[in-house]
$ cat target20.pdb   # PDB, C-alpha atoms
ATOM      1  CA  MET A  24    -175.708   6.027  44.258
ATOM      2  CA  GLU A  25    -176.125   2.963  42.135
ATOM      3  CA  GLY A  26    -177.122   2.826  38.543
ATOM      4  CA  ASN A  27    -176.393   1.495  35.144
ATOM      5  CA  LEU A  28    -174.133   3.152  32.586
ATOM      6  CA  ALA A  29    -176.008   1.466  29.728
ATOM      7  CA  ILE A  30    -179.135   3.487  30.514
ATOM      8  CA  ILE A  31    -177.100   6.704  30.137
ATOM      9  CA  GLY A  32    -176.153   5.387  26.720
ATOM     10  CA  TYR A  33    -179.835   5.017  25.946
ATOM     11  CA  GLY A  34    -180.406   8.604  27.046
ATOM     12  CA  LEU A  35    -177.652   9.787  24.706
ATOM     13  CA  SER A  36    -179.058   7.741  21.826
ATOM     14  CA  ALA A  37    -182.479   9.335  22.350
ATOM     15  CA  ILE A  38    -181.192  12.888  21.727
ATOM     16  CA  GLY A  39    -180.824  12.481  17.970
ATOM     17  CA  PRO A  40    -184.264  10.935  17.344
ATOM     18  CA  GLY A  41    -185.786  13.533  19.670
ATOM     19  CA  VAL A  42    -184.465  16.381  17.550
ATOM     20  CA  GLY A  43    -185.352  14.541  14.338
ATOM     21  CA  ILE A  44    -188.943  13.773  15.341
ATOM     22  CA  GLY A  45    -189.359  17.403  16.395
ATOM     23  CA  LEU A  46    -188.230  18.564  12.963
ATOM     24  CA  ILE A  47    -190.531  16.093  11.196
ATOM     25  CA  PHE A  48    -193.650  17.138  13.076
ATOM     26  CA  ALA A  49    -192.736  20.829  12.792
ATOM     27  CA  ALA A  50    -192.661  20.381   9.026
ATOM     28  CA  TYR A  51    -195.939  18.429   9.176
ATOM     29  CA  VAL A  52    -197.683  21.160  11.160
ATOM     30  CA  ALA A  53    -196.362  23.845   8.820
ATOM     31  CA  GLY A  54    -197.491  21.828   5.807
ATOM     32  CA  VAL A  55    -201.010  21.300   7.137
ATOM     33  CA  ALA A  56    -201.280  24.973   8.130
ATOM     34  CA  ARG A  57    -200.413  26.070   4.619
ATOM     35  CA  GLN A  58    -202.514  23.493   2.821
ATOM     36  CA  PRO A  59    -205.111  21.828   5.070
ATOM     37  CA  GLU A  60    -206.526  19.635   2.286
ATOM     38  CA  VAL A  61    -203.372  17.490   1.974
ATOM     39  CA  ARG A  62    -203.532  16.480   5.623
ATOM     40  CA  GLY A  63    -204.149  12.775   4.916
ATOM     41  CA  VAL A  64    -201.165  12.408   2.602
ATOM     42  CA  LEU A  65    -198.864  14.365   4.890
ATOM     43  CA  GLN A  66    -199.944  12.350   7.921
ATOM     44  CA  THR A  67    -198.811   9.056   6.376
ATOM     45  CA  ILE A  68    -195.500  10.574   5.310
ATOM     46  CA  ALA A  69    -194.961  12.172   8.721
ATOM     47  CA  ILE A  70    -195.626   8.914  10.576
ATOM     48  CA  LEU A  71    -193.329   7.052   8.197
ATOM     49  CA  GLY A  72    -190.556   9.565   8.832
ATOM     50  CA  PHE A  73    -191.271   9.435  12.539
ATOM     51  CA  VAL A  74    -190.832   5.654  12.765
ATOM     52  CA  LEU A  75    -187.689   5.629  10.627
ATOM     53  CA  CYS A  76    -186.228   8.312  12.891
ATOM     54  CA  GLU A  77    -187.374   6.588  16.060
ATOM     55  CA  GLN A  78    -185.599   3.331  15.324
ATOM     56  CA  LEU A  79    -182.262   4.709  16.563
ATOM     57  CA  ALA A  80    -183.752   5.270  20.008
ATOM     58  CA  ILE A  81    -185.300   1.798  19.877
ATOM     59  CA  PHE A  82    -181.898   0.279  19.097
ATOM     60  CA  GLY A  83    -180.618   2.282  22.047
ATOM     61  CA  ILE A  84    -183.102   0.856  24.542
ATOM     62  CA  ALA A  85    -182.680  -2.696  23.243
ATOM     63  CA  LEU A  86    -178.890  -2.505  23.502
ATOM     64  CA  ALA A  87    -179.113  -0.814  26.899
ATOM     65  CA  PHE A  88    -180.871  -3.862  28.284
ATOM     66  CA  VAL A  89    -178.609  -6.265  26.392
ATOM     67  CA  PHE A  90    -175.451  -4.745  27.895
ATOM     68  CA  SER A  91    -176.836  -4.007  31.358
TER      69      SER A  91
ATOM     70  CA  MET B  24    -182.900   7.761  47.075
ATOM     71  CA  THR B  25    -180.643   6.412  49.815
ATOM     72  CA  THR B  26    -182.282   8.636  52.438
ATOM     73  CA  VAL B  27    -185.729   7.456  51.372
ATOM     74  CA  VAL B  28    -185.021   3.790  51.791
ATOM     75  CA  SER B  29    -182.689   3.940  54.790
ATOM     76  CA  ALA B  30    -185.431   3.071  57.253
ATOM     77  CA  ALA B  31    -187.153   0.428  55.190
ATOM     78  CA  GLU B  32    -186.239  -2.296  52.763
ATOM     79  CA  GLU B  33    -184.388  -1.541  49.546
ATOM     80  CA  PHE B  34    -186.432  -0.382  46.555
ATOM     81  CA  VAL B  35    -185.995  -2.701  43.577
ATOM     82  CA  PRO B  36    -186.782  -0.962  40.265
ATOM     83  CA  PRO B  37    -188.507  -3.132  37.641
ATOM     84  CA  SER B  38    -186.224  -4.519  34.969
ATOM     85  CA  ALA B  39    -186.237  -6.853  31.993
ATOM     86  CA  PRO B  40    -186.388 -10.176  33.933
ATOM     87  CA  ASP B  41    -189.782  -9.114  35.356
ATOM     88  CA  PHE B  42    -191.279  -9.855  31.941
ATOM     89  CA  TRP B  43    -190.310 -13.526  32.099
ATOM     90  CA  GLN B  44    -193.267 -15.083  33.866
ATOM     91  CA  PRO B  45    -193.511 -18.847  33.447
ATOM     92  CA  LEU B  46    -196.782 -20.255  34.722
ATOM     93  CA  VAL B  47    -196.296 -23.954  34.004
ATOM     94  CA  GLY B  48    -192.867 -25.546  33.934
ATOM     95  CA  ASP B  49    -189.561 -23.749  33.562
ATOM     96  CA  GLY B  50    -186.776 -23.288  31.050
ATOM     97  CA  ALA B  51    -187.174 -23.220  27.270
ATOM     98  CA  PHE B  52    -190.457 -25.149  27.164
ATOM     99  CA  ALA B  53    -192.314 -23.331  29.939
ATOM    100  CA  ILE B  54    -195.818 -22.071  29.272
ATOM    101  CA  THR B  55    -195.536 -18.371  30.031
ATOM    102  CA  ARG B  56    -198.080 -15.691  30.790
ATOM    103  CA  SER B  57    -197.540 -14.101  27.381
ATOM    104  CA  MET B  58    -198.357 -17.384  25.640
ATOM    105  CA  ILE B  59    -201.639 -17.692  27.544
ATOM    106  CA  VAL B  60    -202.553 -14.094  26.693
ATOM    107  CA  MET B  61    -201.675 -14.676  23.041
ATOM    108  CA  VAL B  62    -203.861 -17.785  22.819
ATOM    109  CA  LEU B  63    -206.782 -16.001  24.501
ATOM    110  CA  VAL B  64    -206.430 -13.003  22.159
ATOM    111  CA  THR B  65    -206.298 -15.243  19.098
ATOM    112  CA  ILE B  66    -209.380 -17.217  20.149
ATOM    113  CA  GLY B  67    -211.256 -14.025  21.026
ATOM    114  CA  LEU B  68    -210.345 -12.408  17.732
ATOM    115  CA  ALA B  69    -211.367 -15.476  15.734
ATOM    116  CA  VAL B  70    -214.717 -15.723  17.526
ATOM    117  CA  VAL B  71    -215.475 -12.016  17.071
ATOM    118  CA  MET B  72    -214.548 -12.116  13.389
ATOM    119  CA  MET B  73    -216.662 -15.209  12.708
ATOM    120  CA  LEU B  74    -219.677 -13.853  14.575
ATOM    121  CA  ALA B  75    -219.424 -10.450  12.910
ATOM    122  CA  THR B  76    -219.110 -11.837   9.402
ATOM    123  CA  ARG B  77    -221.699 -14.613   9.715
ATOM    124  CA  ARG B  78    -224.647 -12.605   8.417
ATOM    125  CA  LEU B  79    -223.151 -10.105   6.008
ATOM    126  CA  SER B  80    -225.607  -7.715   4.419
ATOM    127  CA  VAL B  81    -225.328  -4.937   1.877
ATOM    128  CA  VAL B  82    -226.669  -2.486   4.429
ATOM    129  CA  PRO B  83    -224.383  -3.224   7.403
ATOM    130  CA  GLY B  84    -225.624  -3.572  10.945
ATOM    131  CA  ARG B  85    -223.838  -1.969  13.859
ATOM    132  CA  GLY B  86    -221.215  -4.680  14.408
ATOM    133  CA  GLN B  87    -220.546  -5.145  10.723
ATOM    134  CA  TYR B  88    -220.244  -1.374  10.282
ATOM    135  CA  ARG B  89    -217.528  -1.082  12.932
ATOM    136  CA  LEU B  90    -215.623  -4.041  11.537
ATOM    137  CA  GLU B  91    -215.851  -2.556   8.067
ATOM    138  CA  GLY B  92    -214.406   0.665   9.440
ATOM    139  CA  VAL B  93    -211.271  -1.133  10.620
ATOM    140  CA  TYR B  94    -211.104  -3.191   7.454
ATOM    141  CA  GLY B  95    -211.535  -0.057   5.347
ATOM    142  CA  LEU B  96    -208.675   1.668   7.159
ATOM    143  CA  VAL B  97    -206.328  -1.229   6.421
ATOM    144  CA  ARG B  98    -207.573  -1.880   2.893
ATOM    145  CA  ASN B  99    -207.921   1.666   1.581
ATOM    146  CA  SER B 100    -205.640   4.013   3.452
ATOM    147  CA  ILE B 101    -202.772   1.539   3.799
ATOM    148  CA  GLY B 102    -203.139  -1.240   1.230
ATOM    149  CA  ARG B 103    -204.480   0.681  -1.729
ATOM    150  CA  ASP B 104    -202.709   3.972  -1.168
ATOM    151  CA  ILE B 105    -199.253   2.531  -0.525
ATOM    152  CA  ILE B 106    -199.005  -0.757  -2.419
ATOM    153  CA  GLY B 107    -201.003   0.632  -5.337
ATOM    154  CA  SER B 108    -204.408  -0.260  -6.735
ATOM    155  CA  ASP B 109    -203.047  -2.897  -9.142
ATOM    156  CA  HIS B 110    -201.322  -5.205  -6.682
ATOM    157  CA  PHE B 111    -202.735  -4.677  -3.193
ATOM    158  CA  ARG B 112    -205.495  -7.309  -3.197
ATOM    159  CA  PRO B 113    -203.494 -10.440  -2.242
ATOM    160  CA  TYR B 114    -201.900  -8.629   0.700
ATOM    161  CA  VAL B 115    -205.026  -7.236   2.374
ATOM    162  CA  PRO B 116    -205.752 -10.402   4.433
ATOM    163  CA  LEU B 117    -202.160 -10.446   5.715
ATOM    164  CA  LEU B 118    -202.211  -6.767   6.629
ATOM    165  CA  PHE B 119    -205.638  -6.980   8.264
ATOM    166  CA  THR B 120    -204.669 -10.036  10.321
ATOM    167  CA  LEU B 121    -201.419  -8.436  11.454
ATOM    168  CA  PHE B 122    -203.169  -5.173  12.338
ATOM    169  CA  THR B 123    -205.953  -6.680  14.429
ATOM    170  CA  LEU B 124    -203.687  -9.210  16.137
ATOM    171  CA  ILE B 125    -200.986  -6.691  17.028
ATOM    172  CA  LEU B 126    -203.519  -4.071  18.110
ATOM    173  CA  LEU B 127    -205.293  -6.468  20.483
ATOM    174  CA  ASN B 128    -202.026  -7.819  21.834
ATOM    175  CA  ASN B 129    -200.805  -4.283  22.495
ATOM    176  CA  LEU B 130    -204.068  -3.272  24.137
ATOM    177  CA  MET B 131    -203.678  -6.166  26.583
ATOM    178  CA  ALA B 132    -201.114  -3.918  28.307
ATOM    179  CA  ILE B 133    -203.836  -1.773  29.868
ATOM    180  CA  ILE B 134    -206.876  -4.071  29.988
ATOM    181  CA  PRO B 135    -207.513  -4.871  33.668
ATOM    182  CA  VAL B 136    -206.782  -8.380  34.963
ATOM    183  CA  VAL B 137    -204.621  -9.231  31.941
ATOM    184  CA  GLN B 138    -202.302  -6.191  31.923
ATOM    185  CA  PHE B 139    -199.509  -7.839  30.027
ATOM    186  CA  PRO B 140    -198.655  -6.874  26.450
ATOM    187  CA  THR B 141    -197.602 -10.007  24.601
ATOM    188  CA  THR B 142    -195.521  -7.907  22.240
ATOM    189  CA  SER B 143    -193.225  -6.872  25.095
ATOM    190  CA  ARG B 144    -191.632 -10.310  24.800
ATOM    191  CA  ILE B 145    -189.214 -10.190  21.869
ATOM    192  CA  SER B 146    -190.239 -13.585  20.438
ATOM    193  CA  PHE B 147    -193.704 -12.401  19.358
ATOM    194  CA  PRO B 148    -192.531  -9.345  17.360
ATOM    195  CA  ILE B 149    -189.839 -11.557  15.789
ATOM    196  CA  ALA B 150    -192.532 -13.988  14.627
ATOM    197  CA  PHE B 151    -194.653 -11.149  13.187
ATOM    198  CA  ALA B 152    -191.659  -9.566  11.450
ATOM    199  CA  LEU B 153    -190.516 -12.936  10.097
ATOM    200  CA  GLY B 154    -193.872 -13.380   8.379
ATOM    201  CA  VAL B 155    -193.568  -9.996   6.669
ATOM    202  CA  TYR B 156    -189.919 -10.713   5.810
ATOM    203  CA  VAL B 157    -190.755 -13.964   4.022
ATOM    204  CA  VAL B 158    -193.671 -12.344   2.201
ATOM    205  CA  TYR B 159    -191.745  -9.430   0.744
ATOM    206  CA  LEU B 160    -188.706 -11.500  -0.187
ATOM    207  CA  VAL B 161    -190.814 -14.190  -1.881
ATOM    208  CA  ALA B 162    -192.919 -11.554  -3.643
ATOM    209  CA  GLY B 163    -189.758  -9.846  -4.900
ATOM    210  CA  VAL B 164    -188.163 -13.036  -6.172
ATOM    211  CA  ARG B 165    -191.392 -14.225  -7.794
ATOM    212  CA  ARG B 166    -191.902 -10.944  -9.608
ATOM    213  CA  ARG B 167    -188.420 -10.513 -11.071
ATOM    214  CA  GLY B 168    -186.610 -13.800 -10.529
ATOM    215  CA  LEU B 169    -183.574 -14.029  -8.269
ATOM    216  CA  GLY B 170    -181.239 -12.299 -10.740
ATOM    217  CA  GLY B 171    -183.678  -9.515 -11.476
ATOM    218  CA  PHE B 172    -184.368  -9.077  -7.780
ATOM    219  CA  LEU B 173    -180.668  -8.636  -7.011
ATOM    220  CA  LYS B 174    -180.169  -6.390 -10.033
ATOM    221  CA  ASN B 175    -183.092  -4.213  -9.009
ATOM    222  CA  LEU B 176    -181.457  -3.428  -5.673
ATOM    223  CA  VAL B 177    -179.106  -0.991  -7.392
ATOM    224  CA  PRO B 178    -180.681   2.016  -9.106
ATOM    225  CA  SER B 179    -179.695   2.391 -12.730
ATOM    226  CA  GLY B 180    -177.415   5.178 -13.927
ATOM    227  CA  LEU B 181    -174.797   4.975 -11.190
ATOM    228  CA  PRO B 182    -171.066   5.141 -11.978
ATOM    229  CA  PHE B 183    -169.666   1.602 -12.140
ATOM    230  CA  TRP B 184    -167.391   1.942  -9.107
ATOM    231  CA  VAL B 185    -170.297   2.901  -6.825
ATOM    232  CA  VAL B 186    -172.361  -0.134  -7.807
ATOM    233  CA  PRO B 187    -170.722  -2.726  -5.478
ATOM    234  CA  VAL B 188    -170.926  -0.397  -2.462
ATOM    235  CA  VAL B 189    -174.578   0.441  -3.064
ATOM    236  CA  PHE B 190    -175.342  -3.211  -3.747
ATOM    237  CA  ILE B 191    -173.897  -4.342  -0.423
ATOM    238  CA  LEU B 192    -175.612  -1.524   1.471
ATOM    239  CA  GLU B 193    -178.976  -2.312  -0.106
ATOM    240  CA  LEU B 194    -178.548  -6.047   0.462
ATOM    241  CA  VAL B 195    -177.818  -5.464   4.149
ATOM    242  CA  THR B 196    -180.843  -3.157   4.385
ATOM    243  CA  PHE B 197    -183.066  -5.735   2.718
ATOM    244  CA  LEU B 198    -181.898  -8.814   4.544
ATOM    245  CA  ILE B 199    -180.917  -7.552   8.002
ATOM    246  CA  THR B 200    -181.874  -3.989   8.901
ATOM    247  CA  ARG B 201    -185.516  -4.117   7.837
ATOM    248  CA  PRO B 202    -186.714  -7.225   9.682
ATOM    249  CA  VAL B 203    -184.618  -6.382  12.745
ATOM    250  CA  THR B 204    -185.976  -2.840  13.014
ATOM    251  CA  LEU B 205    -189.511  -4.032  12.302
ATOM    252  CA  ALA B 206    -189.369  -6.470  15.213
ATOM    253  CA  LEU B 207    -187.368  -4.233  17.542
ATOM    254  CA  ARG B 208    -189.614  -1.205  17.038
ATOM    255  CA  LEU B 209    -192.752  -3.013  18.147
ATOM    256  CA  PHE B 210    -190.917  -4.753  20.987
ATOM    257  CA  GLY B 211    -189.093  -1.629  22.144
ATOM    258  CA  ASN B 212    -192.177   0.556  22.250
ATOM    259  CA  MET B 213    -194.336  -1.913  24.134
ATOM    260  CA  PHE B 214    -191.523  -2.961  26.470
ATOM    261  CA  ALA B 215    -190.518   0.607  27.309
ATOM    262  CA  GLY B 216    -194.125   1.693  27.762
ATOM    263  CA  HIS B 217    -194.932  -1.205  30.048
ATOM    264  CA  ILE B 218    -191.772  -0.869  32.128
ATOM    265  CA  LEU B 219    -192.664   2.794  32.654
ATOM    266  CA  LEU B 220    -196.118   1.800  33.926
ATOM    267  CA  LEU B 221    -194.502  -0.811  36.141
ATOM    268  CA  LEU B 222    -192.073   1.758  37.533
ATOM    269  CA  PHE B 223    -194.831   4.208  38.470
ATOM    270  CA  ALA B 224    -196.979   1.485  40.010
ATOM    271  CA  VAL B 225    -194.184  -0.183  41.993
ATOM    272  CA  GLY B 226    -192.586   3.144  42.950
ATOM    273  CA  GLY B 227    -195.894   4.599  44.078
ATOM    274  CA  GLU B 228    -196.672   1.511  46.118
ATOM    275  CA  PHE B 229    -193.216   1.581  47.725
ATOM    276  CA  LEU B 230    -193.535   5.260  48.656
ATOM    277  CA  LEU B 231    -196.999   4.711  50.096
ATOM    278  CA  LEU B 232    -196.018   1.705  52.194
ATOM    279  CA  ASN B 233    -192.447   2.514  53.153
ATOM    280  CA  GLY B 234    -192.083   6.307  52.837
ATOM    281  CA  ASP B 235    -191.560   8.412  55.956
ATOM    282  CA  GLY B 236    -194.228  10.972  56.837
ATOM    283  CA  LEU B 237    -194.808  13.419  54.006
ATOM    284  CA  LEU B 238    -193.058  11.113  51.534
ATOM    285  CA  LYS B 239    -196.245   9.038  51.515
ATOM    286  CA  LEU B 240    -197.918  11.973  49.745
ATOM    287  CA  VAL B 241    -195.428  11.690  46.866
ATOM    288  CA  SER B 242    -197.129   8.435  45.910
ATOM    289  CA  ILE B 243    -200.201  10.420  44.772
ATOM    290  CA  PRO B 244    -198.446  12.038  41.768
ATOM    291  CA  ALA B 245    -196.821   8.671  41.030
ATOM    292  CA  PHE B 246    -200.223   6.985  40.793
ATOM    293  CA  PHE B 247    -201.554   9.947  38.803
ATOM    294  CA  MET B 248    -198.720   9.492  36.301
ATOM    295  CA  PHE B 249    -199.592   5.801  36.183
ATOM    296  CA  PHE B 250    -203.139   6.623  35.056
ATOM    297  CA  LEU B 251    -201.874   9.237  32.608
ATOM    298  CA  PHE B 252    -199.449   6.822  30.985
ATOM    299  CA  SER B 253    -202.095   4.091  30.887
ATOM    300  CA  ALA B 254    -204.164   6.416  28.707
ATOM    301  CA  PHE B 255    -201.062   7.237  26.670
ATOM    302  CA  GLU B 256    -200.446   3.523  26.145
ATOM    303  CA  ILE B 257    -203.757   3.210  24.251
ATOM    304  CA  LEU B 258    -202.425   5.724  21.739
ATOM    305  CA  ILE B 259    -199.073   3.915  21.522
ATOM    306  CA  ALA B 260    -200.775   0.531  21.071
ATOM    307  CA  PHE B 261    -202.805   1.817  18.137
ATOM    308  CA  LEU B 262    -199.889   3.727  16.625
ATOM    309  CA  GLN B 263    -197.527   0.758  16.772
ATOM    310  CA  ALA B 264    -200.032  -1.613  15.142
ATOM    311  CA  TYR B 265    -200.627   1.018  12.431
ATOM    312  CA  VAL B 266    -196.912   1.629  11.942
ATOM    313  CA  PHE B 267    -196.150  -2.092  11.708
ATOM    314  CA  ILE B 268    -198.479  -2.676   8.774
ATOM    315  CA  LEU B 269    -197.560   0.700   7.276
ATOM    316  CA  LEU B 270    -193.930  -0.381   7.077
ATOM    317  CA  ALA B 271    -194.893  -3.890   5.956
ATOM    318  CA  SER B 272    -196.848  -2.423   3.054
ATOM    319  CA  VAL B 273    -194.037   0.011   2.230
ATOM    320  CA  TYR B 274    -191.653  -2.953   1.970
ATOM    321  CA  ILE B 275    -194.135  -4.883  -0.178
ATOM    322  CA  ALA B 276    -194.783  -1.809  -2.319
ATOM    323  CA  GLU B 277    -191.102  -1.563  -3.162
ATOM    324  CA  VAL B 278    -191.372  -4.937  -4.904
ATOM    325  CA  TYR B 279    -193.816  -3.424  -7.386
ATOM    326  CA  ALA B 280    -192.078  -0.072  -7.809
ATOM    327  CA  ASP B 281    -190.600  -0.111 -11.309
ATOM    328  CA  ASP B 282    -188.008   2.524 -10.702
ATOM    329  CA  HIS B 283    -186.005   2.138  -7.560
TER     330      HIS B 283
END
$ encode --input "target20.pdb" --output "structure tokens"
Amino acid sequence: MEGNLAIIGYGLSAIGPGVGIGLIFAAYVAGVARQPEVRGVLQTIAILGFVLCEQLAIFGIALAFVFS
Amino acid sequence: MTTVVSAAEEFVPPSAPDFWQPLVGDGAFAITRSMIVMVLVTIGLAVVMMLATRRLSVVPGRGQYRLEGVYGLVRNSIGRDIIGSDHFRPYVPLLFTLFTLILLNNLMAIIPVVQFPTTSRISFPIAFALGVYVVYLVAGVRRRGLGGFLKNLVPSGLPFWVVPVVFILELVTFLITRPVTLALRLFGNMFAGHILLLLFAVGGEFLLLNGDGLLKLVSIPAFFMFFLFSAFEILIAFLQAYVFILLASVYIAEVYADDH
């Protein structure tokens, strides 16, 4: 079986952001359920947190192709 | 995998070099497919904008109403809410241009015939991010002067021995991390999304043409996933254009934040 070790590194780097994004949207859903009228404000904050969290996985995929 | 391809030719999964598609010439000065798509998108966008804003009226027609919807999203929910109502006006044209250009370039990933997202080549996101980078640095230096800009990187009230560490961390964030992540995020999302589509399409085709017996049937779920992810890509294209200008306006807003 052939493959590339760098892609496994990308898989490992995606674990952290996966957990983090899950936590962010769990908090967003809980916030909207408690107080539906602040949905717009929470949405912007949630997406901002989501992209800041996601950037680790993005670094992972970029470096996976750089080192492959 | 080895048993699948033993009878037929070897399956070659799509990889990064597949995105380098020179049409005219070769090397550093080749005219590539992404450049053609970018030029077409820019011309199309310019024509649509000029036609839609030629006869502006107080009571908008259908085309003007839709355009105003997009403009309102950028101006109100991003520009005004994040940069603040005192300072957002000069930045609205920049944000609106970036949003429409990035959105159309991303959507080219799933539009038939074209099917190539320009932003999956790293040079285009770098150019977009460089524009934002220059804007927020120049805005910061013009507002406070170079000394004030550097001084404002460190929040006040820290113990004196923490100040150099925080200063270096903030300087690295400002000068390196932010533009690099801004460019890499857009590139990474579009590249990964498109390579996934490519994998399902090429893999499905390979199974259909070269699979043995029942393995041909496996190509049906592969093509189904291709359609599913094409629909998903529309969402990603919109989200990434939104996120790009959201972060750009967050960076610009920090220039005008009085407290750190």
$ closest_atom_pairs --input "target20.pdb" --of "chain A" --to "chain B" --cutoff "12 Å" --atoms "all atoms listed in the file" --output "tab-separated table"
residue	atom	partner	partner_atom	distance
A:Met24	CA	B:Thr25	CA	7.4
A:Glu25	CA	B:Thr25	CA	9.6
A:Gly26	CA	B:Pro36	CA	10.5
A:Asn27	CA	B:Ser38	CA	11.5
A:Ile30	CA	B:Ser38	CA	11.6
A:Tyr33	CA	B:Ala215	CA	11.6
A:Gly63	CA	B:Ser100	CA	9.0
A:Val64	CA	B:Asp104	CA	9.4
A:Gln66	CA	B:Ser100	CA	11.0
A:Thr67	CA	B:Leu269	CA	8.5
A:Ile68	CA	B:Leu269	CA	10.3
A:Ala69	CA	B:Val266	CA	11.2
A:Ile70	CA	B:Val266	CA	7.5
A:Leu71	CA	B:Val266	CA	7.5
A:Gly72	CA	B:Val266	CA	10.6
A:Phe73	CA	B:Val266	CA	9.6
A:Val74	CA	B:Val266	CA	7.3
A:Leu75	CA	B:Thr204	CA	9.0
A:Cys76	CA	B:Arg208	CA	10.9
A:Glu77	CA	B:Arg208	CA	8.2
A:Gln78	CA	B:Arg208	CA	6.3
A:Leu79	CA	B:Thr204	CA	9.1
A:Ala80	CA	B:Gly211	CA	9.0
A:Ile81	CA	B:Gly211	CA	5.6
A:Phe82	CA	B:Leu207	CA	7.3
A:Gly83	CA	B:Gly211	CA	9.3
A:Ile84	CA	B:Gly211	CA	6.9
A:Ala85	CA	B:Gly211	CA	6.6
A:Leu86	CA	B:Gly211	CA	10.3
A:Ala87	CA	B:Ala39	CA	10.6
A:Phe88	CA	B:Ala39	CA	7.2
A:Val89	CA	B:Ala39	CA	9.5
A:Phe90	CA	B:Ala39	CA	11.7
A:Ser91	CA	B:Ala39	CA	9.8
$ atom_distance --input "target20.pdb" --atom1 "atom CA of A:Ala29" --atom2 "atom CA of B:Ala132"
25.7 Å
$ resolve_selection --input "target20.pdb" --expression "the PyMOL selection byres ((chain B and resi 189-196) around 12)" --output "ChimeraX atom specification"
/B:156,160,172-179,181-188,197-205,274,283
$ closest_residue --input "target20.pdb" --among "B:Arg85, B:Asn128, B:Pro116, B:Glu91" --to "B:Gly67" --atoms "only C-alpha atoms"
B:Asn128
$ atom_distance --input "target20.pdb" --atom1 "atom CA of B:Glu277" --atom2 "atom CA of A:Ser36"
29.3 Å
$ axis_aligned_box --input "target20.pdb" --around "stretch 68-80 of chain A" --padding-each-side "3 Å" --output "AutoDock Vina command-line options"
--center_x -188.9 --center_y 7.8 --center_z 12.7 --size_x 19.4 --size_y 14.8 --size_z 20.7
$ atom_distance --input "target20.pdb" --atom1 "atom CA of B:Gly107" --atom2 "atom CA of B:Val278"
11.1 Å
$ residues_around --input "target20.pdb" --residues "B:Ile268" --least-positions-apart "3" --cutoff "8 Å" --atoms "all atoms listed in the file" --output "short mmCIF file (atom, residue, chain, number, x, y, z; two decimals) with C-alpha atoms, in the coordinates of the input"
data_model
loop_
_atom_site.label_atom_id
_atom_site.label_comp_id
_atom_site.auth_asym_id
_atom_site.auth_seq_id
_atom_site.Cartn_x
_atom_site.Cartn_y
_atom_site.Cartn_z
CA ILE B 101 -202.77 1.54 3.80
CA LEU B 118 -202.21 -6.77 6.63
CA LEU B 121 -201.42 -8.44 11.45
CA PHE B 122 -203.17 -5.17 12.34
CA ALA B 264 -200.03 -1.61 15.14
CA TYR B 265 -200.63 1.02 12.43
CA ALA B 271 -194.89 -3.89 5.96
CA SER B 272 -196.85 -2.42 3.05
#
$ resolve_selection --input "target20.pdb" --expression "the PyMOL selection byres ((chain B and resi 115) around 9)" --output "ChimeraX atom specification"
/B:94,97-98,102-103,111-114,116-120
$ resolve_selection --input "target20.pdb" --expression "the PyMOL selection byres ((chain B and resi 227) around 9)" --output "list in words"
Leu222, Phe223, Ala224, Val225, Gly226, Glu228, Phe229, Leu230, Leu231, Leu232, Lys239, Val241, Ser242, Ile243, Pro244, Ala245, Phe246 and Phe249 of chain B
